[in-house]
Amino acid sequence: MRERDPTGIAVDLAAIRDAHARILAHVRRTPVMSCRALDDAAGAALHFKCENFQDVGAFKARGAANAVFSLTAAQAARGVVTHSSGNHGAALAWAAGRRGIPAWIVMPDNAPAIKQANVRGWGGQVRLCAPSVAAREAACAAVQAETGATLVHPYNDWRVIAGQGTAALELLEEIPDLDALVAPVGGGGLLSGTAIATRGMRPAARVFGAEPRGADDAQRSLAAGHIIAQDNPRTIADGLRTSLGDKTYAVLSRDVEAIAVAGEEAIVAAMRMTWEKMKIIIEPSSAVPLACFLERTLDLPGLRVGVILSGGNVDLEHLPWQT
């Protein structure tokens, strides 16, 4: 990584370009799609970067691959470890498999069996722990002490942030005259990478985050000027229930104009509308930016807007509009 600027941010556009070259042979260059019906609903020209088409079904493949392929041979031989109950764990297991190294994924013991099976399906070794942050961190530390594995944090890691930024890099290469970019925000890795790439490639473009109203810690953190930890998040968008880290908070504070929020009904409506009108599968977290447009908490009339569709991992037996 490059030397950090005075804000402590260690990733710039050059680092994202390096990450893109590093992971090019491993991740999909996902398509950019548009839909007139969604444009009409949003009041803007939306260009969707479809990360739901990654092999692991989410943008997390980018950050995980960059972290894994950034390791030295000696580090790689000892493997990687992370804590995750969702897409990051599966993505790290996948990336480790691509390099032929072990991956230990610490998961809460109440994680759905389907998610545990997904991690194991990609070759990850699951270590279960109590469902608390302290238990996750302790379990990761135990794996590190036992194996020497390198910790790859789900979002508060410069290698991960640089990898996530490659989605916006590709979007801006394909559509360079965007007026704004929007990405969902949970821990902030995707939005941080998106903001850094945009700052470097199209400084005039505005960058916004989108999060559920029932998990609005990012909006409150930027308003307060310090991190406010997520407390009892209540949202169907399970990928956006985490708190910001110090690294992602630093980037968002510098490069993101605002965080919009959306209610649960709008999130479900946006998800269903995307399925019906675009004919693609997205998960609730991916639907949050469109939901913000539907509620007009994000209102960019007539502008050309890039939207990162973060993933499409959905339990088809429990769709939110089923009764």
# chains A, B, ... in the order shown; residues from 1 in each chain; ligands from 1
>>> residues_around(residues="range 160-174 of chain A", least_positions_apart="6", cutoff="6 Å", atoms="only C-alpha atoms", output="number ranges by chain")
A: 16, 19-20, 62-63, 66-67, 189-190, 193-194, 197
>>> write_last_selection(atoms="N, CA and C atoms", output="short mmCIF file (atom, residue, chain, number, x, y, z; two decimals), in the first residue's frame")
data_model
loop_
_atom_site.label_atom_id
_atom_site.label_comp_id
_atom_site.auth_asym_id
_atom_site.auth_seq_id
_atom_site.Cartn_x
_atom_site.Cartn_y
_atom_site.Cartn_z
N ILE A 16 -5.99 0.90 -5.67
CA ILE A 16 -7.15 0.20 -6.23
C ILE A 16 -6.81 -0.35 -7.62
N ALA A 19 -4.83 -3.42 -7.03
CA ALA A 19 -5.71 -4.50 -6.62
C ALA A 19 -6.44 -5.09 -7.83
N HIS A 20 -6.88 -4.22 -8.73
CA HIS A 20 -7.60 -4.69 -9.91
C HIS A 20 -6.73 -5.60 -10.75
N ARG A 62 -14.08 -9.55 -4.29
CA ARG A 62 -13.02 -8.63 -4.68
C ARG A 62 -12.05 -8.36 -3.52
N GLY A 63 -12.58 -7.97 -2.39
CA GLY A 63 -11.73 -7.69 -1.25
C GLY A 63 -11.01 -8.91 -0.73
N ASN A 66 -8.17 -9.80 -3.13
CA ASN A 66 -7.02 -8.91 -3.02
C ASN A 66 -6.22 -9.20 -1.76
N ALA A 67 -6.91 -9.45 -0.66
CA ALA A 67 -6.21 -9.77 0.59
C ALA A 67 -5.40 -11.07 0.45
N GLY A 189 -16.78 -1.17 4.02
CA GLY A 189 -15.70 -1.51 3.11
C GLY A 189 -16.03 -1.19 1.66
N LEU A 190 -17.23 -1.56 1.22
CA LEU A 190 -17.63 -1.29 -0.16
C LEU A 190 -17.76 0.19 -0.42
N GLY A 193 -14.26 1.86 -0.54
CA GLY A 193 -13.57 1.62 -1.81
C GLY A 193 -14.20 2.40 -2.95
N THR A 194 -15.55 2.45 -2.96
CA THR A 194 -16.26 3.21 -3.99
C THR A 194 -15.91 4.68 -3.93
N ALA A 197 -12.19 5.31 -5.14
CA ALA A 197 -12.09 5.19 -6.59
C ALA A 197 -12.71 6.40 -7.29
#
>>> residues_around(residues="Ala139 in chain A", least_positions_apart="2", cutoff="12 Å", atoms="only C-alpha atoms", output="PyMOL selection string")
chain A and resi 81-84+104-109+126-137+141-146+151
>>> write_last_selection(atoms="N, CA and C atoms", output="compact mmCIF listing (two decimals), in the first residue's frame")
# COMPACT_ATOMS: atom_id res chain seq x y z
N VAL A 81 -7.64 -16.32 8.27
CA VAL A 81 -8.75 -16.52 9.20
C VAL A 81 -9.58 -15.25 9.24
N THR A 82 -10.87 -15.39 9.44
CA THR A 82 -11.75 -14.24 9.61
C THR A 82 -12.94 -14.65 10.45
N HIS A 83 -13.73 -13.67 10.84
CA HIS A 83 -15.01 -13.96 11.47
C HIS A 83 -16.10 -13.38 10.59
N SER A 84 -17.11 -14.18 10.32
CA SER A 84 -18.17 -13.76 9.42
C SER A 84 -19.33 -14.74 9.51
N TRP A 104 -9.77 -20.48 7.73
CA TRP A 104 -10.60 -20.75 8.90
C TRP A 104 -11.62 -19.64 9.03
N ILE A 105 -12.89 -20.00 9.10
CA ILE A 105 -13.96 -19.02 9.17
C ILE A 105 -14.68 -19.19 10.51
N VAL A 106 -14.53 -18.21 11.37
CA VAL A 106 -15.21 -18.22 12.66
C VAL A 106 -16.64 -17.72 12.45
N MET A 107 -17.60 -18.53 12.87
CA MET A 107 -19.01 -18.19 12.68
C MET A 107 -19.76 -18.35 14.00
N PRO A 108 -20.75 -17.51 14.27
CA PRO A 108 -21.55 -17.69 15.49
C PRO A 108 -22.31 -19.00 15.42
N ASP A 109 -22.50 -19.63 16.56
CA ASP A 109 -23.14 -20.95 16.55
C ASP A 109 -24.62 -20.90 16.19
N VAL A 126 -14.87 -24.28 9.27
CA VAL A 126 -15.72 -23.49 10.14
C VAL A 126 -15.37 -23.75 11.61
N ARG A 127 -15.18 -22.68 12.36
CA ARG A 127 -15.03 -22.74 13.81
C ARG A 127 -16.21 -21.97 14.41
N LEU A 128 -17.04 -22.65 15.16
CA LEU A 128 -18.21 -22.02 15.76
C LEU A 128 -17.86 -21.37 17.09
N CYS A 129 -18.56 -20.28 17.41
CA CYS A 129 -18.34 -19.58 18.67
C CYS A 129 -19.66 -19.00 19.15
N ALA A 130 -19.67 -18.45 20.34
CA ALA A 130 -20.85 -17.77 20.84
C ALA A 130 -21.16 -16.54 19.97
N PRO A 131 -22.42 -16.16 19.86
CA PRO A 131 -22.81 -15.05 18.97
C PRO A 131 -22.55 -13.67 19.59
N SER A 132 -21.29 -13.34 19.77
CA SER A 132 -20.91 -12.01 20.26
C SER A 132 -19.62 -11.59 19.60
N VAL A 133 -19.39 -10.28 19.52
CA VAL A 133 -18.16 -9.76 18.91
C VAL A 133 -16.94 -10.25 19.68
N ALA A 134 -17.03 -10.22 21.00
CA ALA A 134 -15.89 -10.65 21.82
C ALA A 134 -15.55 -12.11 21.56
N ALA A 135 -16.58 -12.96 21.43
CA ALA A 135 -16.34 -14.38 21.18
C ALA A 135 -15.73 -14.59 19.80
N ARG A 136 -16.19 -13.84 18.82
CA ARG A 136 -15.63 -13.96 17.47
C ARG A 136 -14.14 -13.59 17.47
N GLU A 137 -13.83 -12.46 18.10
CA GLU A 137 -12.45 -12.01 18.12
C GLU A 137 -11.55 -12.98 18.88
N ALA A 141 -8.38 -15.07 17.36
CA ALA A 141 -7.06 -15.00 18.01
C ALA A 141 -6.55 -16.41 18.32
N ALA A 142 -7.45 -17.30 18.72
CA ALA A 142 -7.06 -18.67 19.02
C ALA A 142 -6.57 -19.39 17.77
N VAL A 143 -7.27 -19.18 16.65
CA VAL A 143 -6.83 -19.79 15.39
C VAL A 143 -5.47 -19.23 14.97
N GLN A 144 -5.29 -17.92 15.11
CA GLN A 144 -4.00 -17.33 14.77
C GLN A 144 -2.87 -17.91 15.61
N ALA A 145 -3.12 -18.05 16.91
CA ALA A 145 -2.09 -18.60 17.81
C ALA A 145 -1.77 -20.05 17.45
N GLU A 146 -2.77 -20.77 17.03
CA GLU A 146 -2.61 -22.20 16.71
C GLU A 146 -1.94 -22.42 15.36
N LEU A 151 -5.06 -12.69 9.74
CA LEU A 151 -6.42 -12.21 9.91
C LEU A 151 -6.81 -11.30 8.74
>>> select_by_dssp(residues="range 125-161 of chain A", states="helix (DSSP H, G or I)", output="count of residues only")
19
>>> residues_around(residues="Asp216 in chain A", least_positions_apart="2", cutoff="9 Å", atoms="only C-alpha atoms", output="mmCIF file with N, CA and C atoms, in the first residue's frame")
data_model
loop_
_atom_site.group_PDB
_atom_site.id
_atom_site.type_symbol
_atom_site.label_atom_id
_atom_site.label_comp_id
_atom_site.auth_asym_id
_atom_site.auth_seq_id
_atom_site.Cartn_x
_atom_site.Cartn_y
_atom_site.Cartn_z
ATOM 1 N N GLY A 186 -22.656 -1.081 5.439
ATOM 2 C CA GLY A 186 -22.781 -1.795 6.705
ATOM 3 C C GLY A 186 -21.532 -1.478 7.502
ATOM 4 N N GLU A 211 -28.357 3.002 3.747
ATOM 5 C CA GLU A 211 -28.477 1.994 4.800
ATOM 6 C C GLU A 211 -29.917 1.929 5.305
ATOM 7 N N PRO A 212 -30.273 0.839 5.972
ATOM 8 C CA PRO A 212 -31.627 0.714 6.511
ATOM 9 C C PRO A 212 -31.858 1.693 7.666
ATOM 10 N N ARG A 213 -33.056 2.176 7.774
ATOM 11 C CA ARG A 213 -33.393 3.073 8.886
ATOM 12 C C ARG A 213 -33.252 2.342 10.227
ATOM 13 N N GLY A 214 -33.438 1.024 10.220
ATOM 14 C CA GLY A 214 -33.307 0.244 11.442
ATOM 15 C C GLY A 214 -31.881 -0.151 11.779
ATOM 16 N N ALA A 218 -24.188 4.409 10.456
ATOM 17 C CA ALA A 218 -23.277 5.183 9.609
ATOM 18 C C ALA A 218 -23.763 6.623 9.479
ATOM 19 N N GLN A 219 -25.058 6.788 9.243
ATOM 20 C CA GLN A 219 -25.607 8.137 9.153
ATOM 21 C C GLN A 219 -25.397 8.886 10.466
ATOM 22 N N ARG A 220 -25.678 8.225 11.573
ATOM 23 C CA ARG A 220 -25.537 8.878 12.871
ATOM 24 C C ARG A 220 -24.067 9.142 13.209
ATOM 25 N N SER A 221 -23.190 8.249 12.792
ATOM 26 C CA SER A 221 -21.761 8.437 13.065
ATOM 27 C C SER A 221 -21.214 9.654 12.329
ATOM 28 N N GLN A 230 -23.219 0.143 16.219
ATOM 29 C CA GLN A 230 -24.536 -0.391 15.915
ATOM 30 C C GLN A 230 -25.111 -1.075 17.152
ATOM 31 N N PRO A 233 -29.574 -3.763 15.738
ATOM 32 C CA PRO A 233 -30.101 -3.455 14.403
ATOM 33 C C PRO A 233 -31.334 -4.289 14.088
ATOM 34 N N ARG A 241 -25.858 -4.889 8.985
ATOM 35 C CA ARG A 241 -26.122 -4.762 10.418
ATOM 36 C C ARG A 241 -24.874 -4.463 11.240
ATOM 37 N N ILE A 259 -25.268 9.966 3.950
ATOM 38 C CA ILE A 259 -25.825 8.613 4.027
ATOM 39 C C ILE A 259 -27.338 8.733 4.047
ATOM 40 N N ALA A 260 -28.010 8.094 3.094
ATOM 41 C CA ALA A 260 -29.467 8.068 3.069
ATOM 42 C C ALA A 260 -29.964 6.796 3.746
ATOM 43 N N VAL A 261 -31.182 6.827 4.240
ATOM 44 C CA VAL A 261 -31.752 5.651 4.903
ATOM 45 C C VAL A 261 -33.109 5.310 4.289
#
>>> residues_around(residues="range 57-61 of chain A", least_positions_apart="2", cutoff="6 Å", atoms="only C-alpha atoms", output="MDAnalysis selection string")
chainID A and resid 51:55 63:65 88 91 310:313
>>> closest_residue(among="A:Ser243, A:Asn87, A:Arg99, A:Asp18", to="Ser285 in chain A", atoms="only C-alpha atoms")
A:Asn87
>>> residues_around(residues="Met273 in chain A", least_positions_apart="4", cutoff="9 Å", atoms="only C-alpha atoms", output="list of chain:residue names")
A:Ala37, A:Leu38, A:Val268, A:Ala269, A:Lys277, A:Met278
>>> select_by_dssp(residues="range 148-318 of chain A", states="strand (DSSP E)", output="ChimeraX atom specification")
/A:150-151,180-184,206-212,258-262,304-309
>>> closest_residue(among="A:Leu309, A:Ala258, A:Ala90, A:Ala229", to="Ile281 in chain A", atoms="only C-alpha atoms")
A:Leu309
>>> closest_residue(among="A:Ala195, A:Cys292, A:Ala77, A:Ala111", to="Asp12 in chain A", atoms="only C-alpha atoms")
A:Ala195
>>> atom_distance(atom1="CA of Gln75 in chain A", atom2="CA of Gly188 in chain A")
26.1 Å
>>> atom_distance(atom1="CA of Ala291 in chain A", atom2="CA of Trp275 in chain A")
13.5 Å
>>> atom_distance(atom1="CA of Thr235 in chain A", atom2="CA of Glu264 in chain A")
6.6 Å
>>> closest_residue(among="A:Leu252, A:Ala138, A:Val56, A:Leu316", to="Ser192 in chain A", atoms="only C-alpha atoms")
A:Leu252
>>> residues_around(residues="Ala74 in chain A", least_positions_apart="6", cutoff="12 Å", atoms="only C-alpha atoms", output="mmCIF file with N, CA and C atoms, in the first residue's frame")
data_model
loop_
_atom_site.group_PDB
_atom_site.id
_atom_site.type_symbol
_atom_site.label_atom_id
_atom_site.label_comp_id
_atom_site.auth_asym_id
_atom_site.auth_seq_id
_atom_site.Cartn_x
_atom_site.Cartn_y
_atom_site.Cartn_z
ATOM 1 N N VAL A 80 -5.407 -18.182 6.141
ATOM 2 C CA VAL A 80 -6.098 -16.956 6.537
ATOM 3 C C VAL A 80 -7.240 -17.302 7.480
ATOM 4 N N ILE A 101 -4.718 -22.449 -0.341
ATOM 5 C CA ILE A 101 -4.277 -22.318 1.045
ATOM 6 C C ILE A 101 -5.467 -22.513 1.970
ATOM 7 N N GLY A 148 -0.885 -19.589 12.954
ATOM 8 C CA GLY A 148 -0.128 -18.510 12.323
ATOM 9 C C GLY A 148 -0.853 -17.874 11.157
ATOM 10 N N ALA A 149 -2.159 -18.168 11.006
ATOM 11 C CA ALA A 149 -2.939 -17.619 9.899
ATOM 12 C C ALA A 149 -3.028 -16.099 9.983
ATOM 13 N N THR A 150 -3.164 -15.475 8.832
ATOM 14 C CA THR A 150 -3.313 -14.024 8.737
ATOM 15 C C THR A 150 -4.780 -13.643 8.874
#
